[in-house]
Each structure stands twice: as C-alpha cells, then as structure tokens.
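Containing compact mmCIF, C-alpha atoms: start11.txt.
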# COMPACT_ATOMS: atom_id res chain seq x y z
CA MET A 1434 -5.15 20.34 6.76
CA LEU A 1435 -7.41 17.69 8.32
CA ALA A 1436 -10.33 20.11 7.93
CA GLN A 1437 -9.46 20.43 4.25
CA LEU A 1438 -9.23 16.64 4.00
CA HIS A 1439 -12.74 16.36 5.37
CA ARG A 1440 -13.91 18.85 2.75
CA VAL A 1441 -12.35 16.54 0.15
CA GLU A 1442 -14.32 13.66 1.67
CA GLN A 1443 -17.55 15.68 1.55
CA SER A 1444 -17.02 16.64 -2.08
CA LEU A 1445 -16.29 13.02 -3.02
CA ASN A 1446 -19.53 11.97 -1.35
CA GLN A 1447 -21.34 14.38 -3.66
CA VAL A 1448 -19.97 12.44 -6.63
CA ILE A 1449 -19.94 8.87 -5.29
CA LEU A 1450 -23.46 8.78 -3.86
CA GLY A 1451 -24.38 6.59 -0.91
CA LYS A 1452 -20.88 5.17 -0.32
CA PRO A 1453 -19.37 7.19 2.57
CA GLU A 1454 -17.54 4.19 4.07
CA GLN A 1455 -15.82 3.29 0.79
CA VAL A 1456 -14.87 6.93 0.17
CA ARG A 1457 -13.28 7.21 3.62
CA LEU A 1458 -11.40 3.94 3.17
CA ALA A 1459 -10.10 5.09 -0.24
CA LEU A 1460 -8.78 8.29 1.37
CA CYS A 1461 -7.31 6.20 4.18
CA CYS A 1462 -5.44 4.07 1.62
CA LEU A 1463 -4.07 7.19 -0.07
CA LEU A 1464 -2.91 8.70 3.24
CA ALA A 1465 -1.21 5.42 4.17
CA GLU A 1466 0.70 5.48 0.83
CA GLY A 1467 -0.86 2.20 -0.21
CA HIS A 1468 -2.56 1.13 -3.42
CA LEU A 1469 -6.23 0.35 -3.93
CA LEU A 1470 -7.91 -2.54 -5.74
CA LEU A 1471 -11.58 -2.02 -6.66
CA GLU A 1472 -13.46 -5.16 -7.63
CA ASP A 1473 -16.97 -4.82 -8.95
CA LEU A 1474 -19.30 -5.14 -11.90
CA PRO A 1475 -18.83 -2.63 -14.74
CA GLY A 1476 -20.66 0.67 -14.31
CA MET A 1477 -20.50 0.86 -10.51
CA GLY A 1478 -18.44 4.07 -10.30
CA LYS A 1479 -14.91 2.70 -9.95
CA THR A 1480 -13.44 4.97 -12.64
CA THR A 1481 -15.41 7.94 -11.34
CA LEU A 1482 -13.95 7.46 -7.85
CA ALA A 1483 -10.38 7.42 -9.18
CA HIS A 1484 -10.92 10.54 -11.30
CA ALA A 1485 -12.70 12.35 -8.45
CA LEU A 1486 -9.83 11.65 -6.03
CA ALA A 1487 -7.30 13.08 -8.47
CA ASN A 1488 -9.39 16.19 -9.20
CA SER A 1489 -10.10 17.05 -5.57
CA LEU A 1490 -6.46 16.58 -4.53
CA GLY A 1491 -4.89 18.37 -7.49
CA LEU A 1492 -2.99 15.28 -8.61
CA SER A 1493 -1.96 14.37 -12.14
CA TYR A 1494 -4.11 11.53 -13.43
CA ARG A 1495 -3.73 8.92 -16.17
CA ARG A 1496 -5.97 6.04 -17.09
CA VAL A 1497 -4.79 2.86 -18.82
CA GLN A 1498 -7.23 0.33 -20.20
CA PHE A 1499 -5.64 -3.07 -19.60
CA THR A 1500 -6.16 -5.52 -22.45
CA ASN A 1501 -4.59 -8.85 -23.34
CA ASP A 1502 -2.30 -7.19 -25.92
CA LEU A 1503 -1.04 -4.40 -23.65
CA LEU A 1504 2.77 -4.55 -23.38
CA PRO A 1505 4.96 -3.50 -20.41
CA GLY A 1506 6.48 -0.72 -22.55
CA ASP A 1507 3.01 0.70 -23.15
CA LEU A 1508 2.74 1.17 -19.40
CA ILE A 1509 6.16 2.23 -18.14
CA GLY A 1510 7.62 3.74 -21.33
CA MET A 1511 10.53 2.90 -23.57
CA ASN A 1512 13.71 4.26 -25.14
CA ILE A 1513 13.10 5.49 -28.69
CA TYR A 1514 15.92 6.06 -31.18
CA ASP A 1515 16.06 9.53 -32.73
CA THR A 1516 17.68 9.30 -36.16
CA ARG A 1517 18.45 13.03 -36.25
CA SER A 1518 20.41 13.16 -33.00
CA GLN A 1519 21.44 9.49 -33.28
CA GLN A 1520 20.58 9.04 -29.63
CA PHE A 1521 17.99 7.19 -27.59
CA HIS A 1522 15.41 9.28 -25.77
CA PHE A 1523 13.15 7.97 -23.05
CA GLN A 1524 9.44 8.26 -23.79
CA ALA A 1525 7.69 8.10 -20.41
CA GLY A 1526 4.60 5.92 -20.12
CA PRO A 1527 1.39 6.67 -18.22
CA VAL A 1528 2.84 5.18 -15.02
CA PHE A 1529 4.63 8.53 -14.58
CA SER A 1530 1.59 10.17 -12.99
CA GLN A 1531 0.52 10.72 -9.40
CA VAL A 1532 -2.73 8.77 -9.75
CA LEU A 1533 -2.70 5.84 -12.16
CA LEU A 1534 -5.96 4.08 -12.90
CA ALA A 1535 -5.22 0.56 -14.11
CA ASP A 1536 -8.65 -0.23 -15.51
CA GLU A 1537 -9.64 -3.92 -15.69
CA ILE A 1538 -6.17 -5.01 -14.62
CA ASN A 1539 -7.12 -8.70 -14.66
CA ARG A 1540 -7.62 -8.62 -18.44
CA ALA A 1541 -3.89 -8.06 -19.08
CA SER A 1542 -1.22 -10.71 -19.40
CA PRO A 1543 0.86 -11.65 -16.33
CA LYS A 1544 3.92 -10.09 -18.01
CA THR A 1545 2.23 -6.68 -18.17
CA GLN A 1546 0.80 -7.01 -14.66
CA SER A 1547 4.28 -7.74 -13.33
CA ALA A 1548 5.54 -4.47 -14.82
CA LEU A 1549 3.58 -2.72 -12.09
CA LEU A 1550 5.21 -4.64 -9.23
CA GLU A 1551 8.38 -2.54 -9.04
CA ALA A 1552 6.41 0.68 -9.49
CA MET A 1553 3.98 -0.14 -6.69
CA GLU A 1554 6.57 -1.39 -4.21
CA GLU A 1555 9.64 0.75 -4.92
CA LYS A 1556 7.99 3.84 -6.49
CA GLN A 1557 10.38 3.50 -9.42
CA VAL A 1558 10.71 1.70 -12.75
CA SER A 1559 13.71 0.23 -14.54
CA VAL A 1560 14.05 0.53 -18.31
CA ASP A 1561 17.11 -0.86 -20.12
CA GLY A 1562 19.06 -0.98 -16.88
CA GLU A 1563 18.30 2.61 -15.88
CA THR A 1564 16.15 3.33 -12.82
CA ARG A 1565 13.72 6.24 -12.92
CA SER A 1566 11.81 7.56 -9.92
CA LEU A 1567 8.07 8.04 -10.10
CA PRO A 1568 6.24 11.22 -9.03
CA LYS A 1569 5.27 11.71 -5.38
CA PRO A 1570 2.72 10.92 -4.20
CA PHE A 1571 2.20 7.85 -6.38
CA PHE A 1572 -1.11 6.05 -6.03
CA VAL A 1573 -2.36 3.10 -8.11
CA ILE A 1574 -6.08 2.44 -8.27
CA ALA A 1575 -6.71 -0.81 -10.12
CA THR A 1576 -10.11 -2.13 -11.06
CA GLN A 1577 -10.94 -5.70 -11.84
CA ASN A 1578 -14.07 -7.43 -13.02
CA PRO A 1579 -15.37 -10.57 -11.32
CA LEU A 1580 -13.59 -13.70 -12.50
CA PHE A 1581 -16.74 -15.16 -14.08
CA HIS A 1582 -16.57 -12.42 -16.74
CA ALA A 1583 -15.13 -13.48 -20.09
CA GLY A 1584 -11.48 -12.67 -20.73
CA THR A 1585 -10.45 -12.25 -17.10
CA SER A 1586 -7.80 -14.12 -15.12
CA ALA A 1587 -7.00 -14.12 -11.43
CA LEU A 1588 -4.24 -11.84 -10.18
CA PRO A 1589 -1.31 -13.79 -8.69
CA GLU A 1590 -0.83 -13.63 -4.91
CA SER A 1591 2.31 -11.50 -5.29
CA GLN A 1592 0.32 -8.88 -7.22
CA LEU A 1593 -2.60 -8.92 -4.77
CA ASP A 1594 -0.18 -8.46 -1.88
CA ARG A 1595 0.93 -5.10 -3.32
CA PHE A 1596 -2.57 -3.68 -2.84
CA MET A 1597 -3.08 -2.38 0.68
CA PHE A 1598 -6.89 -2.30 0.37
CA ARG A 1599 -9.43 -4.21 -1.69
CA LEU A 1600 -12.87 -2.63 -1.82
CA SER A 1601 -16.19 -3.12 -3.55
CA LEU A 1602 -18.48 -0.15 -4.14
CA GLY A 1603 -21.54 -2.33 -4.63
CA PHE A 1604 -24.96 -1.23 -5.80
CA PRO A 1605 -26.23 2.11 -4.50
CA ASP A 1606 -29.38 2.09 -2.39
CA LYS A 1607 -32.64 3.19 -3.98
CA HIS A 1608 -32.44 6.75 -2.64
CA ALA A 1609 -28.86 7.27 -3.89
CA GLU A 1610 -29.71 5.84 -7.30
CA HIS A 1611 -32.77 8.10 -7.48
CA GLN A 1612 -30.47 11.09 -6.86
CA LEU A 1613 -28.10 9.77 -9.51
CA LEU A 1614 -30.87 9.65 -12.09
CA GLN A 1615 -32.02 13.17 -11.23
CA ARG A 1616 -28.58 14.69 -11.66
CA ASP A 1617 -26.44 15.35 -14.70
CA SER A 1618 -23.90 12.83 -15.97
CA SER A 1619 -20.96 11.84 -13.75
CA SER A 1620 -18.57 13.72 -16.05
CA SER A 1621 -20.34 17.03 -15.41
CA ARG A 1622 -20.25 16.39 -11.65
CA LEU A 1623 -16.53 15.66 -11.89
CA GLU A 1624 -15.94 18.98 -13.61
CA LEU A 1625 -17.50 20.76 -10.62
CA LEU A 1626 -14.88 19.30 -8.27
CA THR A 1627 -12.23 21.84 -7.32
CA GLU A 1628 -8.87 21.26 -5.71
CA GLN A 1629 -9.46 21.12 -1.95
CA LEU A 1630 -5.98 19.97 -0.96
CA SER A 1631 -2.69 20.43 -2.81
CA SER A 1632 -0.29 17.59 -3.47
CA GLU A 1633 2.23 19.21 -1.09
CA GLN A 1634 -0.36 19.29 1.68
CA LEU A 1635 -1.23 15.68 0.97
CA LYS A 1636 2.43 14.72 1.29
CA GLN A 1637 2.56 16.52 4.65
CA LEU A 1638 -0.43 14.53 5.85
CA GLN A 1639 1.21 11.30 4.66
CA VAL A 1640 4.27 12.19 6.75
CA GLN A 1641 2.00 12.51 9.81
CA VAL A 1642 0.64 8.95 9.52
CA PRO A 1643 3.73 7.13 10.93
CA LYS A 1644 3.74 9.60 13.84
CA VAL A 1645 0.36 8.35 15.08
CA THR A 1646 1.19 6.31 18.19
CA ALA A 1647 0.33 2.65 18.73
CA SER A 1648 0.65 1.21 22.23
CA ASP A 1649 2.37 -2.09 22.98
CA ALA A 1650 -1.01 -3.58 23.87
CA LEU A 1651 -2.38 -2.51 20.46
CA LEU A 1652 0.61 -4.04 18.68
CA ASP A 1653 0.14 -7.28 20.64
CA TYR A 1654 -3.51 -7.39 19.56
CA LEU A 1655 -2.58 -6.82 15.90
CA LEU A 1656 0.08 -9.54 16.09
CA SER A 1657 -2.42 -11.92 17.69
CA LEU A 1658 -4.65 -11.50 14.64
CA VAL A 1659 -1.75 -12.04 12.26
CA HIS A 1660 -0.33 -15.04 14.09
CA ALA A 1661 -3.77 -16.65 14.34
CA SER A 1662 -3.82 -16.83 10.53
CA ARG A 1663 -0.50 -18.70 10.58
CA HIS A 1664 -1.89 -21.59 12.58
CA ARG A 1665 -4.88 -22.38 10.39
CA SER A 1666 -5.16 -24.59 7.32
CA ASP A 1667 -8.27 -22.92 5.89
CA MET A 1668 -6.51 -19.64 4.97
CA LEU A 1669 -3.20 -18.33 3.74
CA PRO A 1670 -0.94 -16.91 6.49
CA LEU A 1671 -0.54 -13.15 6.75
CA SER A 1672 3.02 -12.01 6.05
CA PRO A 1673 5.05 -9.31 7.87
CA ARG A 1674 4.23 -7.04 4.91
CA ALA A 1675 0.55 -7.59 5.69
CA SER A 1676 1.00 -6.77 9.38
CA LYS A 1677 2.81 -3.53 8.45
CA ALA A 1678 -0.01 -2.66 6.04
CA ILE A 1679 -2.65 -3.25 8.72
CA LEU A 1680 -0.83 -1.00 11.19
CA ARG A 1681 -0.24 1.78 8.68
CA ALA A 1682 -3.86 1.64 7.51
CA ALA A 1683 -5.09 1.78 11.12
CA LYS A 1684 -2.86 4.81 11.78
CA ALA A 1685 -4.23 6.59 8.70
CA PHE A 1686 -7.79 5.77 9.78
CA ALA A 1687 -7.08 7.20 13.24
CA LEU A 1688 -5.63 10.36 11.67
CA ILE A 1689 -8.73 10.88 9.51
CA ASN A 1690 -10.76 10.58 12.71
CA GLN A 1691 -8.57 13.30 14.28
CA ARG A 1692 -6.82 11.09 16.80
CA GLU A 1693 -3.12 10.87 17.55
CA PHE A 1694 -3.27 7.24 18.68
CA VAL A 1695 -4.53 3.97 17.23
CA SER A 1696 -7.41 2.19 18.93
CA ALA A 1697 -8.50 -1.42 18.60
CA SER A 1698 -11.58 -0.23 16.69
CA ASP A 1699 -9.30 1.29 14.04
CA VAL A 1700 -7.62 -2.08 13.51
CA GLN A 1701 -10.99 -3.86 13.42
CA GLN A 1702 -12.38 -1.34 10.93
CA VAL A 1703 -9.58 -1.69 8.36
CA PHE A 1704 -8.68 -5.35 8.95
CA PRO A 1705 -11.22 -6.99 6.56
CA TYR A 1706 -10.25 -4.70 3.68
CA VAL A 1707 -6.50 -5.19 4.18
CA ALA A 1708 -6.48 -8.88 5.08
CA GLU A 1709 -9.26 -10.74 3.23
CA HIS A 1710 -7.65 -10.75 -0.24
CA ARG A 1711 -4.44 -12.00 1.36
CA LEU A 1712 -6.15 -14.70 3.41
CA ASP A 1713 -8.13 -15.99 0.41
CA PRO A 1714 -7.05 -14.66 -3.01
CA SER A 1715 -10.01 -16.40 -4.68
CA SER A 1716 -12.60 -14.62 -2.53
CA ALA A 1717 -14.83 -11.84 -3.83
CA ALA A 1718 -14.39 -8.29 -2.61
CA GLN A 1719 -17.82 -8.36 -0.97
CA GLU A 1720 -16.73 -11.26 1.25
CA SER A 1721 -14.99 -10.94 4.60
CA ARG A 1722 -15.61 -14.39 6.06
CA LEU A 1723 -12.05 -15.30 7.04
CA SER A 1724 -11.09 -11.87 8.36
CA GLN A 1725 -14.29 -11.68 10.41
CA LEU A 1726 -13.57 -15.16 11.74
CA LEU A 1727 -10.15 -14.03 12.97
CA LEU A 1728 -11.65 -10.90 14.55
CA GLN A 1729 -14.30 -12.96 16.35
CA GLN A 1730 -11.92 -15.65 17.63
CA THR A 1731 -9.05 -13.36 18.71
CA PRO A 1732 -9.59 -11.77 22.13
CA CYS A 1733 -9.20 -8.01 22.27
CA PRO A 1734 -7.47 -7.10 25.55
CA ILE A 1735 -7.81 -3.32 25.10

Could I get this file's structure written as structure tokens?
Amino acid sequence: MLAQLHRVEQSLNQVILGKPEQVRLALCCLLAEGHLLLEDLPGMGKTTLAHALANSLGLSYRRVQFTNDLLPGDLIGMNIYDTRSQQFHFQAGPVFSQVLLADEINRASPKTQSALLEAMEEKQVSVDGETRSLPKPFFVIATQNPLFHAGTSALPESQLDRFMFRLSLGFPDKHAEHQLLQRDSSSSRLELLTEQLSSEQLKQLQVQVPKVTASDALLDYLLSLVHASRHRSDMLPLSPRASKAILRAAKAFALINQREFVSASDVQQVFPYVAEHRLDPSSAAQESRLSQLLLQQTPCPI
C-alpha cells in the first residue's frame, strides 16, 4: 500500500506543479488523521490540491464557500418538517463527506466557524440533541486568505488548534509556471486523475501510523521542544494536544518514508508546520520564526 501511496504522491505532483514538499506534508496530515489549513493568496492552487487529493484517493468530496451569511445549519444540516408524514427528517449538510473543503474559512462568522469544532475533534455533529457520526476517513482542508484582504477575520486560537498542519503553497518557480501555462486547465488535469488508493486502504494505512515506534530519547527530545515554549514570554505555550499532534505527524512522516521508527529529523521536518500557528496565531503561513528558534535552541541528543 505504501507503493500505491507513493503513486498517489507522484500523480498529485503532476497536478500541483513544483510543490513536492507541500504535497508530501498534505498526505502526511491525511495519514495522521489531522486537518489541514492552507493560507495563501487566491489562485495559488489550494482548491485544486483538495480536489486532487479526493480524486486520487477515491474519497467523497464537498466544497463549501464560507461567507459572512453562511449559517451553521448550511454546513452540518438540519431537521426539516415533512407535512405529508408529519415528521421531521434530517437533511445532511456538506460536512457529511470524507473530504470537506472549507473555502475561505476566515470570511465566515465565528458562530459558523465554531460549528466545525465538534466535527473536526470528535468526528461527529450534534443537531437538536441527536449525535450523528461523520464518514471515515474525515478530512477537513480549510483555506484562508491573508488577513489584510477585505472581509476577513482572524481564526480564534481554539479553531487554529484543531488544524494539525498549516501550509502555504506559495508562488511556483518560473519553470513550474511555464509548464502550467503550456498545459490545459487545472480542471482537465484533475479529470485525468484516477483512484490510486481506495478509502479502505487509506484507513488501513492510518491504522499503521500509531504503530510506528518512538524511542524514549525521541519522546524526551519532543518534550524538550514543547516545554521550551512554556518558559518563554514571546510565544504561546504548546499544549498537550500540540505535543500529541507533533508526534503523530512525525510518525506519519516516517511511515511515508518507509520507516517503522521516528527519527529526530522527522520531528524537525514537521515541527514548523504543526507548531508555528499555535506559537503565534497572528503569524503568516510562510513564517516559521518561533518554531525555528525552538529547534535551534533545543539540543538534540539523538
């Protein structure tokens, strides 16, 4: 299945040109059962990446455009009264999909944003006192525009903390953009993507992630990074949820690299993308100043 996963990665790199690191990290987030926040300017390929992931993994996909008048019921669904049967029937919202693209999430009201909290953390939603489970796997890819864009507002810390990774695709290099201009539209390239890995196989790979071993020395190194953030006044402290996210992301990264154990390099590779938006919620996705500072100042004994 890892060979098939690498074929998925190769096919994604044919759609998202010149961004192999971001593609691998997005797959890592999916394997670790986390959620992904993409922050960038419009037109950088964020929506294309989400759609390409769903297509190549055979997952059901829904896209929701977040606006300031979007209501929680528009997202999770609602009970609708049927006059003929004189009963309420639940009309499921787009959150009942395996890949949910929450496009421009920071344009919605806090009330609507909070409707995603239970779904992202518990993989379920509650409507009128009844709890309904979401499909498995369940993966949220949210995009947000930079805060200097009109009509945007910062996500609260509690919402940011639910995203395992925050990435920025950034501008492609000149060669990749030249290829992009030579090819057909992104939609036609998406249609060429075939299912390389079934959802059942993906779930089996997700089950393998916790089985990747992490030595006591590796755990001590990870905790040293986390605890270093708790003794500084220039950053927010990393929570136990953050330390669990770093470990799970490092295990998924090791699995993608066909290893059954986590190395210090795995932790160092994923740490900026898992930690920076928690250390400084106001930072931009392209920044990794505080996370790099912790990596530089924390000795690595292994």

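Comparing A:Ile1509, A:His1710, A:Val1642, A:Leu1726 by their smallest distance to Glu1693 in chain A, the closest is A:Val1642 (using all atoms listed in the file).
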
Q | Atom-to-atom span, CA of Phe1686 in chain A and CA of Leu1464 in chain A, Å | A |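 According to the coordinates, CA of Phe1686 in chain A and CA of Leu1464 in chain A are separated by 8.7 Å.
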
Q: Between CA of Val1558 in chain A and CA of Ser1493 in chain A, measure the distance and give it in Å to one decimal.
A: 17.9 Å

Q | From A:Leu1688, A:Leu1630, A:Leu1651, A:Leu1723, residue lying nearest Leu1438 in chain A [only C-alpha atoms] | A | A:Leu1630

List as a short mmCIF file (atom, residue, chain, number, x, y, z; two decimals) with C-alpha atoms, in the coordinates of the input the protein and nucleic acid residues near Pro1673 in chain A, meaning an atom at most 12 Å away when all atoms listed in the file are counted, but skip any in the same chain fewer than 5 places from it.
data_model
loop_
_atom_site.label_atom_id
_atom_site.label_comp_id
_atom_site.auth_asym_id
_atom_site.auth_seq_id
_atom_site.Cartn_x
_atom_site.Cartn_y
_atom_site.Cartn_z
CA ASP A 1594 -0.18 -8.46 -1.88
CA LEU A 1655 -2.58 -6.82 15.90
CA LEU A 1656 0.08 -9.54 16.09
CA VAL A 1659 -1.75 -12.04 12.26
CA HIS A 1660 -0.33 -15.04 14.09
CA SER A 1662 -3.82 -16.83 10.53
CA ARG A 1663 -0.50 -18.70 10.58
CA ALA A 1678 -0.01 -2.66 6.04
CA ILE A 1679 -2.65 -3.25 8.72
CA LEU A 1680 -0.83 -1.00 11.19
CA ALA A 1708 -6.48 -8.88 5.08
CA ARG A 1711 -4.44 -12.00 1.36
#

Q: Enter the distance from CA of Ile1538 in chain A to CA of Phe1499 in chain A, in Å, rounded to one decimal.
A: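 Value for the CA of Ile1538 in chain A-CA of Phe1499 in chain A distance: 5.4 Å.
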
Q.
Just checking: using all atoms listed in the file, which residue out of A:Pro1505, A:Pro1570, A:Pro1589, A:Gly1510 ends up closest to Ala1548 in chain A?
A. A:Pro1505

Each range 1494-1581 of chain A residue no farther than 12 Å from range 1465-1478 of chain A, nearest pair in Å, all atoms listed in the file, as CSV:
residue,atom,partner,partner_atom,distance
A:Gln1531,CA,A:Glu1466,CA,11.5
A:Val1532,CA,A:His1468,CA,9.9
A:Leu1533,CA,A:His1468,CA,9.9
A:Leu1534,CA,A:Leu1469,CA,9.7
A:Ala1535,CA,A:Leu1470,CA,9.3
A:Asp1536,CA,A:Leu1471,CA,9.5
A:Glu1537,CA,A:Glu1472,CA,9.0
A:Ile1538,CA,A:Leu1470,CA,9.4
A:Asn1539,CA,A:Glu1472,CA,10.1
A:Leu1549,CA,A:His1468,CA,11.3
A:Leu1550,CA,A:His1468,CA,11.3
A:Ala1552,CA,A:His1468,CA,10.8
A:Met1553,CA,A:His1468,CA,7.4
A:Glu1554,CA,A:Gly1467,CA,9.2
A:Glu1555,CA,A:Gly1467,CA,11.6
A:Lys1556,CA,A:Glu1466,CA,10.5
A:Lys1569,CA,A:Glu1466,CA,9.9
A:Pro1570,CA,A:Glu1466,CA,7.7
A:Phe1571,CA,A:Glu1466,CA,7.7
A:Phe1572,CA,A:His1468,CA,5.8
A:Val1573,CA,A:His1468,CA,5.1
A:Ile1574,CA,A:Leu1469,CA,4.8
A:Ala1575,CA,A:Leu1470,CA,4.9
A:Thr1576,CA,A:Leu1471,CA,4.6
A:Gln1577,CA,A:Glu1472,CA,4.9
A:Asn1578,CA,A:Asp1473,CA,5.6
A:Pro1579,CA,A:Asp1473,CA,6.4
A:Leu1580,CA,A:Glu1472,CA,9.8
A:Phe1581,CA,A:Leu1474,CA,10.6

Q: Tell me, as a list in words, which residues lie within 8 Å of Asp1507 in chain A, counting only C-alpha atoms; anything in the same chain fewer than 4 positions away does not count.
A: Leu1503, Met1511, Gly1526 and Pro1527 of chain A

Q | Test item: which residues lie within 10 Å of (-17.0, 15.2, 0.8) counting all atoms listed in the file, as a PyMOL selection string | A | chain A and resi 1437-1449+1453+1456-1457+1489+1629

**Q.** Among listed residues A:Phe1704, A:Pro1734, A:Leu1602, A:Glu1590, nearest Ala1650 in chain A (using all atoms listed in the file)
**A.**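 Closest to Ala1650 in chain A, using all atoms listed in the file: A:Pro1734.
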
Q.
Counting only C-alpha atoms, I want the residues whose atoms come within 8 Å of (-7.7, -7.8, 18.6) in the file frame, returned as an MDAnalysis selection string.
A. chainID A and resid 1651 1654:1655 1657:1658 1697 1700:1701 1728 1731:1735

Q. Which residue out of A:Ser1632, A:Gln1519, A:Thr1500, A:Gln1615 has the minimum interatomic distance to Met1434 in chain A when only C-alpha atoms are used?
A. A:Ser1632

Q | Which residue of A:Gln1702, A:Thr1646, A:Asn1501, A:Thr1564 approaches Phe1523 in chain A most closely, using all atoms listed in the file | A | A:Thr1564
